[in-house]
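Dumped query_5.txt below, it's compact mmCIF, C-alpha atoms:
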# COMPACT_ATOMS: atom_id res chain seq x y z
CA MET A 1 -10.28 37.72 -12.49
CA ASN A 2 -7.94 37.63 -9.47
CA ALA A 3 -4.57 35.88 -9.50
CA GLU A 4 -5.85 32.70 -7.75
CA ALA A 5 -8.81 32.36 -10.09
CA ASP A 6 -6.58 32.93 -13.12
CA ALA A 7 -4.10 30.29 -11.90
CA LEU A 8 -6.95 27.83 -11.26
CA ALA A 9 -8.37 28.35 -14.75
CA THR A 10 -4.95 27.87 -16.34
CA VAL A 11 -4.24 24.64 -14.45
CA LYS A 12 -7.68 23.17 -15.09
CA ASP A 13 -7.62 24.06 -18.77
CA ALA A 14 -4.21 22.49 -19.36
CA ASP A 15 -5.19 19.41 -17.35
CA ARG A 16 -8.35 18.91 -19.37
CA LYS A 17 -6.58 19.34 -22.70
CA HIS A 18 -3.37 17.42 -22.13
CA VAL A 19 -3.30 15.15 -19.04
CA PHE A 20 -4.45 11.55 -19.46
CA HIS A 21 -5.45 10.34 -15.98
CA SER A 22 -5.09 6.79 -14.71
CA TRP A 23 -8.04 4.50 -13.91
CA SER A 24 -10.50 7.05 -15.34
CA ALA A 25 -12.93 7.77 -18.16
CA GLN A 26 -11.30 11.03 -19.16
CA GLU A 27 -14.43 13.10 -19.85
CA LEU A 28 -16.22 11.98 -16.68
CA ILE A 29 -13.72 13.31 -14.14
CA ASP A 30 -13.07 16.73 -12.69
CA PRO A 31 -9.80 16.58 -10.72
CA LEU A 32 -9.29 19.01 -7.84
CA ALA A 33 -6.57 21.54 -8.65
CA VAL A 34 -4.11 21.53 -5.76
CA ALA A 35 -2.19 24.73 -5.08
CA GLY A 36 0.07 23.59 -2.24
CA ALA A 37 0.69 21.22 0.65
CA GLU A 38 2.47 21.10 3.98
CA GLY A 39 2.49 18.60 6.83
CA SER A 40 -0.80 16.72 6.95
CA TYR A 41 -2.69 19.23 4.79
CA PHE A 42 -3.08 20.34 1.19
CA TRP A 43 -5.21 23.15 -0.26
CA ASP A 44 -6.79 24.27 -3.50
CA TYR A 45 -6.77 27.60 -5.34
CA GLN A 46 -10.00 28.69 -3.68
CA GLY A 47 -8.61 28.52 -0.17
CA ASN A 48 -10.17 25.19 0.81
CA ARG A 49 -7.84 23.26 3.12
CA TYR A 50 -8.02 19.47 3.45
CA LEU A 51 -6.67 17.19 6.15
CA ASP A 52 -5.21 14.37 4.11
CA PHE A 53 -6.41 11.08 5.57
CA SER A 54 -5.03 9.24 2.54
CA SER A 55 -1.36 10.34 2.59
CA ALA A 56 -1.77 10.98 -1.15
CA LEU A 57 -1.86 7.30 -2.18
CA VAL A 58 -0.55 6.02 1.15
CA TYR A 59 2.98 7.31 0.70
CA THR A 60 3.52 10.72 2.36
CA ASN A 61 4.60 8.95 5.54
CA ILE A 62 6.37 12.03 6.92
CA GLY A 63 3.80 14.47 5.57
CA TYR A 64 4.23 17.01 2.80
CA GLN A 65 7.25 19.28 2.40
CA HIS A 66 9.40 18.13 5.30
CA PRO A 67 12.19 20.76 5.25
CA LYS A 68 15.05 18.31 5.84
CA VAL A 69 14.04 16.12 2.91
CA THR A 70 13.37 18.98 0.50
CA ALA A 71 16.76 20.45 1.47
CA ALA A 72 18.49 17.12 0.82
CA ILE A 73 16.93 16.89 -2.65
CA GLN A 74 18.00 20.47 -3.43
CA GLU A 75 21.53 19.82 -2.19
CA GLN A 76 21.84 16.66 -4.27
CA ALA A 77 20.48 18.44 -7.35
CA ALA A 78 23.11 21.15 -6.97
CA ARG A 79 25.86 18.55 -6.59
CA MET A 80 24.83 15.89 -9.13
CA CYS A 81 21.34 15.48 -10.61
CA THR A 82 21.84 12.12 -12.25
CA VAL A 83 24.32 9.45 -13.20
CA ALA A 84 23.97 6.06 -14.90
CA PRO A 85 22.93 3.16 -12.67
CA GLY A 86 26.07 1.13 -13.35
CA PHE A 87 28.31 3.43 -11.30
CA ALA A 88 28.96 3.24 -7.58
CA VAL A 89 27.65 6.48 -6.07
CA ASP A 90 27.79 7.60 -2.45
CA VAL A 91 24.12 8.48 -2.03
CA ARG A 92 22.93 5.30 -3.74
CA SER A 93 25.18 3.16 -1.59
CA GLU A 94 24.02 4.97 1.54
CA ALA A 95 20.34 4.52 0.66
CA ALA A 96 20.92 0.80 0.11
CA ARG A 97 22.79 0.50 3.41
CA LEU A 98 20.07 2.27 5.40
CA ILE A 99 17.34 0.10 3.86
CA ALA A 100 19.29 -3.13 4.33
CA GLU A 101 19.90 -2.30 7.99
CA ARG A 102 16.14 -2.27 8.52
CA THR A 103 15.09 -5.31 6.54
CA PRO A 104 14.73 -8.61 8.44
CA GLY A 105 17.18 -11.49 8.26
CA ASP A 106 19.80 -11.52 5.51
CA LEU A 107 17.96 -9.38 2.97
CA ASP A 108 21.06 -7.24 2.55
CA LYS A 109 21.18 -6.59 -1.20
CA ILE A 110 18.96 -3.85 -2.66
CA PHE A 111 17.85 -3.76 -6.31
CA PHE A 112 16.46 -0.30 -6.99
CA THR A 113 13.47 0.41 -9.20
CA ASN A 114 11.44 3.53 -9.92
CA ALA A 115 8.26 2.39 -8.20
CA GLY A 116 6.43 -0.49 -6.55
CA ALA A 117 5.06 -2.26 -9.60
CA GLU A 118 8.55 -2.52 -11.08
CA ALA A 119 9.72 -3.96 -7.76
CA VAL A 120 7.07 -6.68 -8.07
CA GLU A 121 8.03 -7.37 -11.69
CA ASN A 122 11.68 -7.85 -10.77
CA ALA A 123 10.99 -9.86 -7.62
CA VAL A 124 8.94 -12.32 -9.66
CA ARG A 125 11.64 -12.47 -12.32
CA MET A 126 14.27 -13.20 -9.67
CA ALA A 127 12.12 -15.95 -8.16
CA ARG A 128 11.51 -17.61 -11.51
CA LEU A 129 15.17 -17.54 -12.46
CA HIS A 130 16.26 -18.72 -9.02
CA THR A 131 13.90 -21.71 -9.01
CA GLY A 132 13.57 -22.43 -12.73
CA ARG A 133 9.80 -22.62 -12.24
CA PRO A 134 7.06 -20.62 -14.02
CA LYS A 135 4.04 -20.17 -11.73
CA VAL A 136 3.39 -17.54 -9.07
CA LEU A 137 0.58 -17.72 -6.49
CA SER A 138 -1.16 -14.59 -5.21
CA ALA A 139 -4.30 -13.82 -3.24
CA TYR A 140 -7.62 -12.77 -4.72
CA ARG A 141 -7.89 -9.85 -2.30
CA SER A 142 -4.69 -8.10 -3.34
CA TYR A 143 -3.17 -5.30 -5.36
CA HIS A 144 0.40 -5.45 -6.63
CA GLY A 145 0.59 -2.73 -9.29
CA ALA A 146 -0.45 -1.92 -12.83
CA THR A 147 2.44 -3.20 -14.95
CA SER A 148 2.02 -6.41 -16.91
CA THR A 149 2.95 -9.10 -14.37
CA ALA A 150 1.88 -7.02 -11.36
CA ILE A 151 -1.66 -6.44 -12.64
CA ASN A 152 -2.07 -10.14 -13.40
CA LEU A 153 -0.91 -10.94 -9.88
CA THR A 154 -3.43 -8.44 -8.53
CA GLY A 155 -6.62 -10.03 -7.28
CA ASP A 156 -8.98 -7.06 -7.16
CA ALA A 157 -11.24 -5.80 -9.93
CA ARG A 158 -8.59 -3.61 -11.54
CA ARG A 159 -7.18 -6.83 -12.96
CA PHE A 160 -10.28 -7.47 -15.04
CA GLY A 161 -9.52 -5.11 -17.90
CA ASN A 162 -5.88 -6.15 -18.09
CA ASP A 163 -5.79 -9.87 -17.36
CA SER A 164 -4.09 -11.67 -20.25
CA ALA A 165 -4.39 -15.11 -18.59
CA THR A 166 -0.84 -15.78 -19.82
CA ALA A 167 1.22 -14.60 -16.85
CA GLY A 168 1.51 -17.94 -15.05
CA VAL A 169 -0.52 -16.62 -12.10
CA VAL A 170 -2.72 -18.74 -9.85
CA HIS A 171 -4.96 -16.97 -7.33
CA PHE A 172 -6.02 -18.33 -3.96
CA TRP A 173 -8.14 -17.15 -1.04
CA GLY A 174 -6.27 -15.53 1.80
CA PRO A 175 -7.68 -15.17 5.32
CA PHE A 176 -10.34 -12.53 6.03
CA THR A 177 -12.34 -13.53 9.07
CA TYR A 178 -15.01 -10.83 8.70
CA ARG A 179 -15.93 -12.18 5.24
CA SER A 180 -14.49 -15.64 5.62
CA PRO A 181 -14.45 -17.80 2.48
CA PHE A 182 -13.82 -20.74 4.81
CA TYR A 183 -16.89 -20.36 7.07
CA ALA A 184 -14.60 -19.80 10.04
CA ALA A 185 -15.95 -18.42 13.31
CA THR A 186 -12.63 -17.39 14.87
CA GLU A 187 -9.27 -15.96 13.78
CA ALA A 188 -7.61 -19.27 14.68
CA GLU A 189 -10.04 -21.25 12.50
CA GLU A 190 -9.60 -18.79 9.64
CA CYS A 191 -5.82 -19.11 9.84
CA GLU A 192 -5.88 -22.90 9.94
CA ARG A 193 -8.37 -23.24 7.08
CA ALA A 194 -6.67 -20.61 4.92
CA LEU A 195 -3.34 -22.40 5.27
CA ARG A 196 -4.96 -25.73 4.43
CA HIS A 197 -6.53 -24.17 1.33
CA LEU A 198 -3.17 -22.74 0.27
CA GLU A 199 -1.45 -26.09 0.79
CA ASP A 200 -4.13 -27.79 -1.31
CA THR A 201 -3.66 -25.18 -4.04
CA ILE A 202 0.08 -25.81 -4.05
CA VAL A 203 -0.35 -29.58 -4.20
CA PHE A 204 -2.94 -29.51 -6.98
CA GLU A 205 -1.01 -26.95 -9.04
CA GLY A 206 2.17 -29.01 -8.67
CA PRO A 207 4.81 -27.68 -6.27
CA GLN A 208 7.53 -28.32 -8.85
CA SER A 209 5.91 -25.68 -11.09
CA ILE A 210 5.59 -22.90 -8.49
CA ALA A 211 8.34 -20.30 -8.28
CA ALA A 212 6.86 -17.96 -5.68
CA ILE A 213 4.03 -16.98 -3.42
CA ILE A 214 3.54 -13.22 -3.15
CA LEU A 215 1.50 -11.63 -0.39
CA GLU A 216 0.94 -8.13 0.87
CA THR A 217 2.17 -8.22 4.47
CA VAL A 218 -0.99 -6.28 5.33
CA GLY A 219 -3.50 -6.21 2.49
CA GLY A 220 -3.62 -2.54 1.45
CA ALA A 221 -6.00 -1.72 -1.38
CA PRO A 222 -8.24 -4.72 -0.57
CA GLY A 223 -9.14 -3.21 2.78
CA VAL A 224 -6.26 -3.09 5.30
CA LEU A 225 -6.46 -6.84 5.83
CA VAL A 226 -4.37 -7.76 8.87
CA HIS A 227 -3.46 -11.44 8.68
CA PRO A 228 -4.31 -13.53 11.74
CA ASP A 229 -1.44 -14.52 13.97
CA GLY A 230 0.32 -17.56 12.59
CA TYR A 231 -0.69 -17.12 8.96
CA LEU A 232 2.48 -15.57 7.55
CA ALA A 233 4.59 -18.01 9.56
CA GLY A 234 2.49 -20.82 8.09
CA VAL A 235 3.05 -19.54 4.55
CA ARG A 236 6.79 -19.30 5.29
CA ALA A 237 6.74 -22.95 6.40
CA LEU A 238 4.89 -24.05 3.25
CA CYS A 239 7.41 -22.21 1.07
CA ASP A 240 10.29 -23.88 2.89
CA ARG A 241 8.66 -27.28 2.56
CA PHE A 242 8.09 -27.02 -1.20
CA GLY A 243 11.14 -24.94 -2.20
CA ILE A 244 9.03 -21.90 -3.11
CA VAL A 245 10.28 -18.31 -2.89
CA PHE A 246 8.29 -16.21 -0.42
CA ILE A 247 7.80 -12.60 -1.55
CA LEU A 248 6.29 -9.99 0.75
CA ASP A 249 4.87 -6.87 -0.86
CA GLU A 250 5.60 -4.08 1.63
CA ILE A 251 5.10 -1.30 -0.91
CA MET A 252 2.22 0.28 0.98
CA VAL A 253 3.05 -0.76 4.52
CA GLY A 254 6.83 -0.40 4.74
CA PHE A 255 8.71 2.45 6.40
CA GLY A 256 6.58 3.11 9.44
CA ARG A 257 3.06 2.78 8.11
CA THR A 258 2.07 0.00 10.55
CA GLY A 259 4.26 1.21 13.40
CA ARG A 260 7.28 -0.87 12.35
CA TRP A 261 9.94 -0.27 9.73
CA PHE A 262 8.50 -3.27 7.89
CA ALA A 263 5.16 -4.83 8.73
CA SER A 264 6.65 -8.34 8.77
CA GLU A 265 8.23 -7.40 12.12
CA HIS A 266 4.80 -7.71 13.75
CA TRP A 267 4.94 -11.47 13.15
CA ASP A 268 8.72 -12.02 13.13
CA VAL A 269 8.63 -13.50 9.63
CA THR A 270 11.48 -13.19 7.14
CA PRO A 271 10.64 -13.65 3.44
CA ASP A 272 13.11 -14.30 0.63
CA LEU A 273 12.32 -11.02 -1.14
CA ILE A 274 10.69 -7.76 -0.01
CA CYS A 275 9.19 -5.28 -2.44
CA PHE A 276 9.18 -1.67 -1.25
CA ALA A 277 8.44 1.85 -2.54
CA LYS A 278 6.14 4.73 -1.46
CA GLY A 279 7.17 5.59 2.10
CA VAL A 280 10.91 5.05 1.47
CA THR A 281 11.02 8.63 0.13
CA SER A 282 7.62 9.75 1.43
CA GLY A 283 6.83 9.99 -2.28
CA TYR A 284 8.97 13.11 -2.72
CA VAL A 285 10.88 11.48 -5.58
CA PRO A 286 9.73 8.12 -7.00
CA LEU A 287 11.77 5.16 -5.76
CA GLY A 288 11.14 1.47 -5.23
CA GLY A 289 13.13 -1.67 -4.93
CA VAL A 290 13.60 -5.29 -3.97
CA ALA A 291 15.47 -6.38 -0.86
CA VAL A 292 17.17 -9.65 -1.79
CA SER A 293 18.14 -12.55 0.48
CA ALA A 294 21.63 -14.04 0.44
CA ALA A 295 20.49 -17.24 -1.27
CA ILE A 296 18.84 -15.45 -4.17
CA ALA A 297 21.69 -12.94 -4.45
CA GLU A 298 24.08 -15.90 -4.75
CA THR A 299 22.16 -17.13 -7.82
CA PHE A 300 23.33 -14.02 -9.62
CA ALA A 301 26.84 -13.83 -8.18
CA ARG A 302 28.37 -15.22 -11.39
CA ARG A 303 25.27 -15.30 -13.56
CA PRO A 304 24.11 -11.96 -14.95
CA TYR A 305 20.73 -10.81 -13.76
CA PRO A 306 18.76 -10.13 -16.97
CA GLY A 307 16.99 -6.96 -15.90
CA GLY A 308 17.59 -3.30 -15.22
CA LEU A 309 16.21 0.21 -15.49
CA THR A 310 17.66 3.42 -16.89
CA TYR A 311 16.92 5.28 -13.66
CA SER A 312 17.62 2.48 -11.17
CA GLY A 313 18.79 4.11 -7.96
CA HIS A 314 18.36 7.63 -9.34
CA VAL A 315 20.51 9.88 -7.18
CA LEU A 316 17.78 12.44 -6.45
CA ALA A 317 15.48 9.63 -5.30
CA CYS A 318 18.25 8.07 -3.22
CA ALA A 319 18.99 11.43 -1.61
CA ALA A 320 15.29 11.65 -0.71
CA ALA A 321 15.41 8.12 0.72
CA VAL A 322 18.46 8.81 2.85
CA ALA A 323 16.92 12.00 4.22
CA THR A 324 13.53 10.38 4.81
CA ILE A 325 14.95 7.40 6.70
CA ASN A 326 17.16 9.68 8.79
CA VAL A 327 14.23 11.97 9.60
CA MET A 328 12.10 8.99 10.61
CA GLU A 329 14.89 7.79 12.88
CA GLU A 330 15.73 11.18 14.39
CA GLU A 331 12.12 12.17 15.02
CA GLY A 332 10.90 8.75 16.15
CA ILE A 333 8.22 8.68 13.46
CA VAL A 334 7.95 4.88 13.32
CA GLU A 335 7.30 4.80 17.04
CA GLN A 336 4.88 7.73 16.71
CA SER A 337 2.92 5.80 14.09
CA ALA A 338 2.60 2.88 16.51
CA ARG A 339 1.43 5.15 19.35
CA THR A 340 -1.03 6.99 17.13
CA GLY A 341 -2.61 3.70 16.12
CA ALA A 342 -2.75 2.23 19.61
CA ASP A 343 -3.77 5.37 21.51
CA LEU A 344 -5.72 7.53 19.06
CA LEU A 345 -6.81 6.05 15.75
CA GLY A 346 -7.73 2.57 16.96
CA PRO A 347 -9.78 3.70 19.97
CA GLY A 348 -11.25 6.65 18.07
CA LEU A 349 -12.40 4.58 15.12
CA ARG A 350 -13.86 1.89 17.37
CA ALA A 351 -15.78 4.59 19.23
CA LEU A 352 -17.21 5.78 15.92
CA ALA A 353 -18.23 2.22 15.12
CA GLU A 354 -20.23 2.03 18.34
CA ARG A 355 -22.22 5.11 17.35
CA HIS A 356 -22.73 4.45 13.64
CA PRO A 357 -24.65 1.41 12.37
CA SER A 358 -23.00 1.73 8.94
CA VAL A 359 -19.64 0.55 10.38
CA GLY A 360 -19.38 -3.22 10.26
CA GLU A 361 -15.75 -3.64 11.25
CA VAL A 362 -12.70 -1.60 12.25
CA ARG A 363 -9.24 -3.02 11.54
CA GLY A 364 -5.70 -1.75 11.25
CA LEU A 365 -2.26 -1.09 12.69
CA GLY A 366 -0.24 2.08 13.22
CA THR A 367 -1.46 4.76 10.84
CA PHE A 368 -3.18 2.29 8.52
CA TRP A 369 -6.85 1.53 9.23
CA ALA A 370 -10.08 0.73 7.44
CA LEU A 371 -13.76 1.00 8.24
CA GLU A 372 -15.88 -1.63 6.52
CA LEU A 373 -19.20 0.07 5.73
CA VAL A 374 -22.32 -2.08 5.59
CA ARG A 375 -26.05 -1.78 4.97
CA ASN A 376 -26.79 -4.23 7.73
CA ARG A 377 -24.50 -5.26 10.57
CA GLU A 378 -26.23 -8.60 11.07
CA THR A 379 -26.00 -9.77 7.47
CA ARG A 380 -22.77 -7.81 6.79
CA GLU A 381 -24.13 -6.77 3.41
CA PRO A 382 -21.67 -4.20 2.02
CA LEU A 383 -22.89 -0.62 1.74
CA VAL A 384 -22.31 -0.91 -2.02
CA PRO A 385 -21.80 -4.04 -4.18
CA TYR A 386 -18.35 -5.26 -5.17
CA ASN A 387 -16.81 -3.10 -7.92
CA ALA A 388 -19.84 -0.79 -7.82
CA ALA A 389 -20.07 2.19 -10.19
CA GLY A 390 -22.58 4.90 -11.07
CA ALA A 391 -25.87 4.75 -9.19
CA ASP A 392 -24.84 1.54 -7.41
CA ASN A 393 -21.99 3.42 -5.78
CA ALA A 394 -24.09 6.42 -4.71
CA PRO A 395 -23.94 5.76 -0.93
CA MET A 396 -20.14 5.72 -0.91
CA ALA A 397 -19.97 8.74 -3.23
CA GLU A 398 -22.24 10.67 -0.85
CA PHE A 399 -20.12 9.63 2.11
CA ALA A 400 -16.90 10.70 0.38
CA ALA A 401 -18.44 14.04 -0.58
CA ALA A 402 -19.43 14.63 3.05
CA CYS A 403 -15.84 13.96 4.16
CA LYS A 404 -14.50 16.48 1.67
CA LYS A 405 -17.12 19.06 2.56
CA GLY A 406 -16.03 18.76 6.19
CA GLY A 407 -12.37 19.22 5.27
CA VAL A 408 -11.03 15.65 5.28
CA TRP A 409 -9.72 14.08 2.08
CA PRO A 410 -10.66 10.39 2.30
CA LEU A 411 -9.30 7.28 0.64
CA VAL A 412 -12.43 5.40 -0.39
CA ALA A 413 -12.19 1.93 -1.93
CA GLY A 414 -15.26 -0.17 -2.57
CA ASN A 415 -17.41 -0.18 0.57
CA ARG A 416 -14.52 1.00 2.77
CA ILE A 417 -12.78 4.11 3.90
CA HIS A 418 -9.08 3.64 4.50
CA VAL A 419 -7.71 5.92 7.19
CA ALA A 420 -4.03 6.45 6.40
CA PRO A 421 -2.79 9.88 7.53
CA ALA A 422 0.87 10.82 7.73
CA CYS A 423 2.75 8.65 10.21
CA ASN A 424 3.68 11.82 12.11
CA ILE A 425 0.19 13.35 12.15
CA ALA A 426 -0.36 15.60 15.18
CA PRO A 427 -2.80 14.34 17.85
CA GLN A 428 -5.03 17.40 17.40
CA ASP A 429 -5.29 16.63 13.68
CA VAL A 430 -6.31 13.05 14.47
CA ALA A 431 -9.07 14.42 16.70
CA THR A 432 -10.22 16.84 14.00
CA GLY A 433 -10.27 14.12 11.38
CA LEU A 434 -12.22 11.70 13.54
CA GLU A 435 -14.83 14.35 14.31
CA ILE A 436 -15.34 15.10 10.61
CA LEU A 437 -15.38 11.40 9.78
CA GLY A 438 -18.10 10.88 12.38
CA GLN A 439 -20.23 13.58 10.74
CA ALA A 440 -19.79 11.95 7.33
CA LEU A 441 -20.73 8.53 8.69
CA SER A 442 -24.17 9.91 9.47
CA VAL A 443 -24.63 10.12 5.69
CA ALA A 444 -23.69 6.45 5.34
CA ASP A 445 -26.01 5.56 8.24
CA ALA A 446 -28.96 6.83 6.19
CA HIS A 447 -28.43 3.90 3.81
CA THR A 448 -28.50 1.19 6.48
CA ILE A 449 -31.42 -1.18 6.98
This structure in structure tokens:
Amino acid sequence: MNAEADALATVKDADRKHVFHSWSAQELIDPLAVAGAEGSYFWDYQGNRYLDFSSALVYTNIGYQHPKVTAAIQEQAARMCTVAPGFAVDVRSEAARLIAERTPGDLDKIFFTNAGAEAVENAVRMARLHTGRPKVLSAYRSYHGATSTAINLTGDARRFGNDSATAGVVHFWGPFTYRSPFYAATEAEECERALRHLEDTIVFEGPQSIAAIILETVGGAPGVLVHPDGYLAGVRALCDRFGIVFILDEIMVGFGRTGRWFASEHWDVTPDLICFAKGVTSGYVPLGGVAVSAAIAETFARRPYPGGLTYSGHVLACAAAVATINVMEEEGIVEQSARTGADLLGPGLRALAERHPSVGEVRGLGTFWALELVRNRETREPLVPYNAAGADNAPMAEFAAACKKGGVWPLVAGNRIHVAPACNIAPQDVATGLEILGQALSVADAHTI
């Protein structure tokens, strides 16, 4: 057995015996053993190289192993690996300053968490304490994390096995013109009717009982749902009218993913709280947080905030954040993400849609896109049913396998492929990925009617 084969066997054996994987039936999975990664690619122990069109789980915004960020982590580790969160530390303060400089409005205070779900948990806690109200409204087509409150806020099927029905959550329908729950024919109609539905939900739930409305600025896991113009501003107005805290979940779309530092910049909307994670460190060291407005920060100026984490603002994570933000600034990666979306990914994906009957819709911004795959363009029947598994999911499984065989690692969710490469992906890699994606779509086309 050669060295690579021996290493592969060792990794796979230990994984099978000791690693408990998320969202999986443990004996029914066979995870790929990854040997290394760099830039927009990773590879296995058998020499197979994959162009990562998923950015891991939509977080390697600057690609894998950027030398300036890895060097910053190493330097911080040599200087000070950790310190308790109650101390003032240079790198933590600098990370908070750099983030606050990029958030909209007066969201100038940063509460650090370890990841996105904890950011959602704490944002909701802040909103409830600030308002003295119990309920939180969130959209059905949403994903906010897998911790207790976050998974109850989540609208997609991952909630089903975890929903305790005790979290004070009320779900509503957000806008999605392609599959409109409001029978709208245009984006403007969808926006108007979705806002009316939300207002009705608020009124019939009792505004005096609602602490917050939480929305993904662009719906990530539900399918890269880009809100119609005017919707987020309309939600902001409803929150102002009823004294409700407006929380934007930017965990997946912050830090360049949509071609802006924060996706809310596309619509010039300022929420009361922003949840962030993922791209803030490009995933190199876990870090998340809540950007807090002046009004909510004032609530806790002389009243202790009843929450905290052992590793809040961990110095290695903060060093990674500082380096990542500086790299994005120095190398113009946010602007590159915008250009890649406007000039390469958007046109390229729409060209694929013209050639492949399995593509029902193309939508996205920056380096964050989705193809909605359908059995029939006229009826818009999804290629696989909602929450499909096993034989029902065979068409999407075949499509994903074809992507991997061609050398692209896809992010497949339901009847969609999400195209989310590194924000600094090279143009030639975009072209390669689109060509392979086109070949794989021929497999999906075979299931159309």
Which residues come within 8 Å of A:Ala123, counting only C-alpha atoms, excluding same-chain residues fewer than 6 positions away, as a PyMOL selection string?
chain A and resi 247+273-275+290
For stretch 216-230 of chain A, find every residue with an atom within 6 Å (counting all atoms listed in the file), except residues of its own chain fewer than 5 positions away, and show them as a list of chain:residue names.
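Within the cut-off, the hits are A:Arg141, A:Ser142, A:Glu187, A:Leu248, A:Asp249, A:Ala370.
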Which one is closest to A:Arg196: A:Cys81, A:Leu28, A:Val235, A:Ala413? Count all atoms listed in the file.
A:Val235
Of the listed residues A:Gly288, A:Gly206, A:Gly174, A:Gly39, that which approaches A:Gly155 most closely, counting all atoms listed in the file:
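Under the stated criterion, the closest residue is A:Gly174.
Distances to A:Ala291 were evaluated for A:Gly234, A:Pro271, A:Pro31, A:Gly308 using only C-alpha atoms, and the minimum falls at A:Pro271.
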Between A:Val285, A:Cys423, A:Ile449, A:Gly307, single out the one closest to A:Arg375, counting only C-alpha atoms.
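Residue with the minimum atom-to-atom distance to A:Arg375: A:Ile449.
Relative to atom CA of A:Ile99, atom CA of A:Gly132 is found at 28.2 Å.
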Nearest to A:Ile73, chosen from A:Cys318, A:Ala185, A:Met252, A:Leu98, with only C-alpha atoms counted in the distances:
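Ranking A:Cys318, A:Ala185, A:Met252, A:Leu98 by distance to A:Ile73, first place goes to A:Cys318.
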What's around stretch 424-428 of chain A at 10 Å? Count only C-alpha atoms, leave out sequence neighbours fewer than 6 positions away in its own chain, and write the answer as a PDB file with C-alpha atoms, in the frame of the given file.
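Saved to out03.pdb:
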ATOM      1  CA  GLY A  39       2.490  18.600   6.830  1.00  0.00           C
ATOM      2  CA  SER A  40      -0.800  16.720   6.950  1.00  0.00           C
ATOM      3  CA  TYR A  41      -2.690  19.230   4.790  1.00  0.00           C
ATOM      4  CA  LEU A  51      -6.670  17.190   6.150  1.00  0.00           C
ATOM      5  CA  ASP A  52      -5.210  14.370   4.110  1.00  0.00           C
ATOM      6  CA  PHE A  53      -6.410  11.080   5.570  1.00  0.00           C
ATOM      7  CA  THR A  60       3.520  10.720   2.360  1.00  0.00           C
ATOM      8  CA  ASN A  61       4.600   8.950   5.540  1.00  0.00           C
ATOM      9  CA  ILE A  62       6.370  12.030   6.920  1.00  0.00           C
ATOM     10  CA  GLY A  63       3.800  14.470   5.570  1.00  0.00           C
ATOM     11  CA  GLY A 256       6.580   3.110   9.440  1.00  0.00           C
ATOM     12  CA  ARG A 257       3.060   2.780   8.110  1.00  0.00           C
ATOM     13  CA  MET A 328      12.100   8.990  10.610  1.00  0.00           C
ATOM     14  CA  GLU A 331      12.120  12.170  15.020  1.00  0.00           C
ATOM     15  CA  GLY A 332      10.900   8.750  16.150  1.00  0.00           C
ATOM     16  CA  ILE A 333       8.220   8.680  13.460  1.00  0.00           C
ATOM     17  CA  VAL A 334       7.950   4.880  13.320  1.00  0.00           C
ATOM     18  CA  GLU A 335       7.300   4.800  17.040  1.00  0.00           C
ATOM     19  CA  GLN A 336       4.880   7.730  16.710  1.00  0.00           C
ATOM     20  CA  SER A 337       2.920   5.800  14.090  1.00  0.00           C
ATOM     21  CA  THR A 340      -1.030   6.990  17.130  1.00  0.00           C
ATOM     22  CA  ASP A 343      -3.770   5.370  21.510  1.00  0.00           C
ATOM     23  CA  LEU A 344      -5.720   7.530  19.060  1.00  0.00           C
ATOM     24  CA  LEU A 345      -6.810   6.050  15.750  1.00  0.00           C
ATOM     25  CA  THR A 367      -1.460   4.760  10.840  1.00  0.00           C
ATOM     26  CA  LEU A 434     -12.220  11.700  13.540  1.00  0.00           C
TER      27      LEU A 434
END
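For stretch 10-20 of chain A, the set of protein, DNA and RNA residues having any atom at most 10 Å away, when counting only C-alpha atoms and skipping those fewer than 5 positions along the same chain, is Glu4, Ala5, Ala25, Gln26, Glu27, Ile29, Asp30, Pro31, Leu32, Ala33, Val34, Ala35 and Tyr45 of chain A.
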Which of these residues is nearest to A:Gly406, using only C-alpha atoms: A:Val374, A:Ala440, A:Ile296, A:Ala78?
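For A:Gly406, the nearest of the candidates is A:Ala440.
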